[in-house]
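Presented below is the structure to which this report refers.
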Amino acid sequence: MRLSDLWAGHLKRPTVTAQDRGRVQGQGKTRREGEPVRRHGRSAASSDHVPRVTKTAEPSRAAKAKASQRSTASRSSKASQTPARPAVSYQGIRALLNPLWCYYGFITAVVALAVFGLMMVFSSSAVDMVAQGQSPWTQAIRQTGFCMGGFAVAAVALRLPADKYRSISFGILGFGLFLQLLTFTPLGRAAGGNAGWIFIGGFSLQPAEVLKLALCVWMPGSLLDAGEHSRQGEGLKAYRKPAAGFAVSFILIMMGKDLGTAMIVVIIGLVAFFLSGFPLKWFLSAAVAGLAGIIGFFVLGHGNRMQRIMAAYGKCSSDDLQGVCYQSVHGLYAMASGGLTGVGLGNSREKWNYLPEAHNDFIFAVIGEEMGFIGAVLVILAFVVVGWCMLRVALTTPDSYARMVLVCLASWIVGQALINICVVLGLLPVMGLPLPFVSAGGTALVLCLAAAGVAVPMMRTHPDIKAASAHI
């Protein structure tokens, strides 16, 4: 018995109902004639007067109410003995930790970035389209079609439960590897120095984007299974399957000379292995070996890569300003021209055939020029919301698979956005990575929106989000 029950019993006196009095009278019928009724060691003659009840009366309305109160109190006492989940208050700054806020904030940020990207694609590509003899709306209309297709794929993706992705993840990986192999067939094409494209029926496709999503949904489940087998005595041999899948994907992308995408794949792989509980000493050894391989690829690979590194971290000569440094320098010109509030939407000067890939890899430079420092910060803040919301839900969801998938997706989307912005700002060499949800490009936009659609059911594994989304 709890102290609160003792305290309540000390304050309340027991009440005698008509039923109790009737029970006492019934017991009195068995005594001999003239014998007084004994109550607590005293006779009825010495006790206070108690009115006789000649017959069993029906419970009065007041008695029924008291009985109901006692029944309710008894149920409340039993319920209080069951440990309840403590209520968490998300007031003030703690609202940033609210899983529901993160769930809806993530969806809002993704939609806002996609819609904002359509506007900026039109602004940054109109001049280039006119120069090619096409309508200024050509690229914007094409991007709108890709955006609608991406939202349709996301709508299908968010309908599948998290467990379903784990069961079909190997099939998704196999499909991605098959598409990547097609880049080495007559269907493959090179673009921007990367032989990572295929052309089918008049449409171009970059299979490496499919591989990013495939690795994000396949590696967590495969590594969790490997961890179970490793603890059962198999040791490092249990990790052969996830290591082989990751290595094959990485090698196929590197064979297409797509260094930017290969770096994102490495980030996804490292995050997945680290979260799975892979032995730390072997993890560090693999990370060092991978870093050495990337450095060797830069040094021993195509000379243009070293020139791009020197353009980012060295000084550009007058000859380089018209060569390898041209894109980086004009990207910085665009950012510097924007000031605090920008020159106005549609008023960029660098997009007039000065800045290459203004609507694609360097669209953030046009954003900085037209929208200024404020607009650039708002875009960065939107990606912070995307990353924070996925990580916050991942840290508190009880589903291990969903947790790892969310972190891998956040590493891909936010990591790629960070690399793209650093390239525009001259902090990293040019790699050819688009800005997620914003840059022009059909495959990248559709797969990024598909990744957002996959993240939604992973977030719904959180108890609070699952309870709230059940009513929608």
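Chain labels run A, B, ... following the order of the structure tokens; each chain numbers its residues from 1, and ligands are numbered from 1 in the order shown.
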Open item on the list: Report as number ranges by chain all protein, DNA and RNA residues lying within 10 Å of Cys147 of chain A, evaluated on only C-alpha atoms, omitting residues in the same chain fewer than 3 positions from it.
Closed with: A: 114-115, 117-118, 141-144, 150-153, 437, 440-442, 445-446, 449
- [ ] In Å, rounded to a single decimal, give me how far atom CA of Ala109 of chain A is from atom CA of Asp128 of chain A.
- [x]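 Atom CA of Ala109 of chain A lies 28.9 Å from atom CA of Asp128 of chain A.
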Task: Within 12 Å of Arg189 of chain A using only C-alpha atoms, minus same-chain residues under 2 positions, as a list in words - done: Gln180, Leu182, Thr183, Phe184, Thr185, Pro186, Leu187, Ala191, Gly192, Gly193, Asn194, Ala195, Gly196, Trp197, Ile198, Phe199, Ile200, Phe203, Ser204, Leu205, Gln206, Pro207 and Gly256 of chain A
- [ ] From segment 167-226 of chain A, collect each residue whose DSSP state is helix (DSSP H, G or I) and return the set as a PyMOL selection string.
- [x] chain A and resi 167-184+207-226
Tell me, as a PDB file with N, CA and C atoms, in the first residue's frame, which residues lie within 12 Å of Ser123 of chain A, counting only C-alpha atoms; anything in the same chain fewer than 6 positions away does not count.
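Written output follows (part_15.pdb):
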```
ATOM      1  N   PHE A 116      10.973  25.889 -54.349  1.00  0.00           N
ATOM      2  CA  PHE A 116      11.947  26.970 -54.538  1.00  0.00           C
ATOM      3  C   PHE A 116      12.926  26.636 -55.661  1.00  0.00           C
ATOM      4  N   GLY A 117      13.290  25.345 -55.777  1.00  0.00           N
ATOM      5  CA  GLY A 117      14.193  24.940 -56.846  1.00  0.00           C
ATOM      6  C   GLY A 117      13.603  25.171 -58.222  1.00  0.00           C
ATOM      7  N   MET A 129      18.617  29.085 -72.311  1.00  0.00           N
ATOM      8  CA  MET A 129      17.653  28.490 -73.236  1.00  0.00           C
ATOM      9  C   MET A 129      17.429  29.405 -74.453  1.00  0.00           C
ATOM     10  N   PRO A 136      12.393  30.320 -73.181  1.00  0.00           N
ATOM     11  CA  PRO A 136      12.996  30.484 -71.857  1.00  0.00           C
ATOM     12  C   PRO A 136      12.377  29.564 -70.804  1.00  0.00           C
ATOM     13  N   TRP A 137      11.196  29.023 -71.073  1.00  0.00           N
ATOM     14  CA  TRP A 137      10.519  28.149 -70.121  1.00  0.00           C
ATOM     15  C   TRP A 137      10.887  26.676 -70.298  1.00  0.00           C
ATOM     16  N   THR A 138      11.730  26.359 -71.293  1.00  0.00           N
ATOM     17  CA  THR A 138      11.993  24.961 -71.626  1.00  0.00           C
ATOM     18  C   THR A 138      12.515  24.163 -70.438  1.00  0.00           C
ATOM     19  N   GLN A 139      13.587  24.644 -69.832  1.00  0.00           N
ATOM     20  CA  GLN A 139      14.192  23.920 -68.712  1.00  0.00           C
ATOM     21  C   GLN A 139      13.263  23.889 -67.498  1.00  0.00           C
ATOM     22  N   ALA A 140      12.554  24.984 -67.269  1.00  0.00           N
ATOM     23  CA  ALA A 140      11.640  25.039 -66.125  1.00  0.00           C
ATOM     24  C   ALA A 140      10.487  24.052 -66.285  1.00  0.00           C
ATOM     25  N   GLY A 344      18.050  40.908 -56.793  1.00  0.00           N
ATOM     26  CA  GLY A 344      16.659  40.717 -57.192  1.00  0.00           C
ATOM     27  C   GLY A 344      16.479  39.454 -58.018  1.00  0.00           C
ATOM     28  N   LEU A 345      15.337  38.822 -57.839  1.00  0.00           N
ATOM     29  CA  LEU A 345      15.048  37.587 -58.558  1.00  0.00           C
ATOM     30  C   LEU A 345      15.017  37.837 -60.063  1.00  0.00           C
ATOM     31  N   GLY A 346      15.804  37.066 -60.807  1.00  0.00           N
ATOM     32  CA  GLY A 346      15.881  37.198 -62.256  1.00  0.00           C
ATOM     33  C   GLY A 346      16.906  38.190 -62.743  1.00  0.00           C
ATOM     34  N   ASN A 347      17.591  38.903 -61.848  1.00  0.00           N
ATOM     35  CA  ASN A 347      18.519  39.972 -62.239  1.00  0.00           C
ATOM     36  C   ASN A 347      19.978  39.556 -62.169  1.00  0.00           C
ATOM     37  N   SER A 348      20.265  38.274 -62.097  1.00  0.00           N
ATOM     38  CA  SER A 348      21.657  37.831 -62.039  1.00  0.00           C
ATOM     39  C   SER A 348      22.388  38.216 -63.313  1.00  0.00           C
ATOM     40  N   ARG A 349      23.628  38.648 -63.151  1.00  0.00           N
ATOM     41  CA  ARG A 349      24.455  38.982 -64.317  1.00  0.00           C
ATOM     42  C   ARG A 349      25.336  37.809 -64.737  1.00  0.00           C
ATOM     43  N   GLU A 350      25.725  36.978 -63.759  1.00  0.00           N
ATOM     44  CA  GLU A 350      26.612  35.864 -64.069  1.00  0.00           C
ATOM     45  C   GLU A 350      25.936  34.792 -64.912  1.00  0.00           C
ATOM     46  N   LYS A 351      24.618  34.706 -64.854  1.00  0.00           N
ATOM     47  CA  LYS A 351      23.927  33.681 -65.637  1.00  0.00           C
ATOM     48  C   LYS A 351      23.883  34.015 -67.127  1.00  0.00           C
ATOM     49  N   TRP A 352      24.324  35.203 -67.500  1.00  0.00           N
ATOM     50  CA  TRP A 352      24.340  35.581 -68.915  1.00  0.00           C
ATOM     51  C   TRP A 352      25.572  34.985 -69.583  1.00  0.00           C
ATOM     52  N   ALA A 358      25.000  27.136 -64.521  1.00  0.00           N
ATOM     53  CA  ALA A 358      24.360  28.029 -63.546  1.00  0.00           C
ATOM     54  C   ALA A 358      23.070  27.439 -63.001  1.00  0.00           C
ATOM     55  N   HIS A 359      22.374  26.620 -63.782  1.00  0.00           N
ATOM     56  CA  HIS A 359      21.118  26.043 -63.316  1.00  0.00           C
ATOM     57  C   HIS A 359      21.290  24.649 -62.718  1.00  0.00           C
ATOM     58  N   ASN A 360      22.532  24.180 -62.669  1.00  0.00           N
ATOM     59  CA  ASN A 360      22.775  22.832 -62.178  1.00  0.00           C
ATOM     60  C   ASN A 360      23.714  22.860 -60.968  1.00  0.00           C
ATOM     61  N   ILE A 363      23.965  26.356 -59.031  1.00  0.00           N
ATOM     62  CA  ILE A 363      22.738  27.122 -58.831  1.00  0.00           C
ATOM     63  C   ILE A 363      22.765  27.892 -57.508  1.00  0.00           C
ATOM     64  N   VAL A 366      23.869  31.429 -58.081  1.00  0.00           N
ATOM     65  CA  VAL A 366      22.804  32.313 -58.566  1.00  0.00           C
ATOM     66  C   VAL A 366      21.856  32.678 -57.424  1.00  0.00           C
ATOM     67  N   ILE A 367      21.611  31.752 -56.531  1.00  0.00           N
ATOM     68  CA  ILE A 367      20.776  32.057 -55.364  1.00  0.00           C
ATOM     69  C   ILE A 367      21.429  33.140 -54.522  1.00  0.00           C
ATOM     70  N   GLU A 369      23.512  35.386 -55.533  1.00  0.00           N
ATOM     71  CA  GLU A 369      23.542  36.665 -56.249  1.00  0.00           C
ATOM     72  C   GLU A 369      22.163  37.318 -56.266  1.00  0.00           C
ATOM     73  N   GLU A 370      21.125  36.558 -56.552  1.00  0.00           N
ATOM     74  CA  GLU A 370      19.790  37.147 -56.694  1.00  0.00           C
ATOM     75  C   GLU A 370      19.070  37.329 -55.362  1.00  0.00           C
ATOM     76  N   MET A 371      19.268  36.412 -54.426  1.00  0.00           N
ATOM     77  CA  MET A 371      18.581  36.470 -53.137  1.00  0.00           C
ATOM     78  C   MET A 371      19.464  36.985 -52.018  1.00  0.00           C
ATOM     79  N   SER A 439      18.800  21.856 -57.681  1.00  0.00           N
ATOM     80  CA  SER A 439      19.461  21.909 -58.978  1.00  0.00           C
ATOM     81  C   SER A 439      18.628  21.239 -60.062  1.00  0.00           C
ATOM     82  N   ALA A 440      18.846  21.685 -61.321  1.00  0.00           N
ATOM     83  CA  ALA A 440      18.197  21.042 -62.456  1.00  0.00           C
ATOM     84  C   ALA A 440      18.787  19.660 -62.649  1.00  0.00           C
TER      85      ALA A 440
END
```
TODO: Might you pull out every residue within 12 Å of Gly221 of chain A, with only C-alpha atoms counted and same-chain residues fewer than 5 positions away left off, and present them as a PyMOL selection string?
DONE: chain A and resi 162-170+214-216+226-228+239+241-242+272-273+275-276+399-405+408
Open item on the list: Which residues are close to Ala376 of chain A, i.e. within 12 Å by only C-alpha atoms, leaving aside same-chain residues fewer than 3 positions away? Reply as a count of residues only.
Closed with: 28
- [ ] Enumerate the residues of segment 179-245 of chain A with a DSSP assignment of strand (DSSP E), computed from the backbone, and present them as a list in words.
- [x]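 Answer for segment 179-245 of chain A restricted to strand (DSSP E) is Gly188, Arg189, Ala190, Ala191, Asn194, Ala195, Gly196, Trp197, Ile198, Phe199, Ile200, Phe203, Ser204 and Leu205 of chain A.
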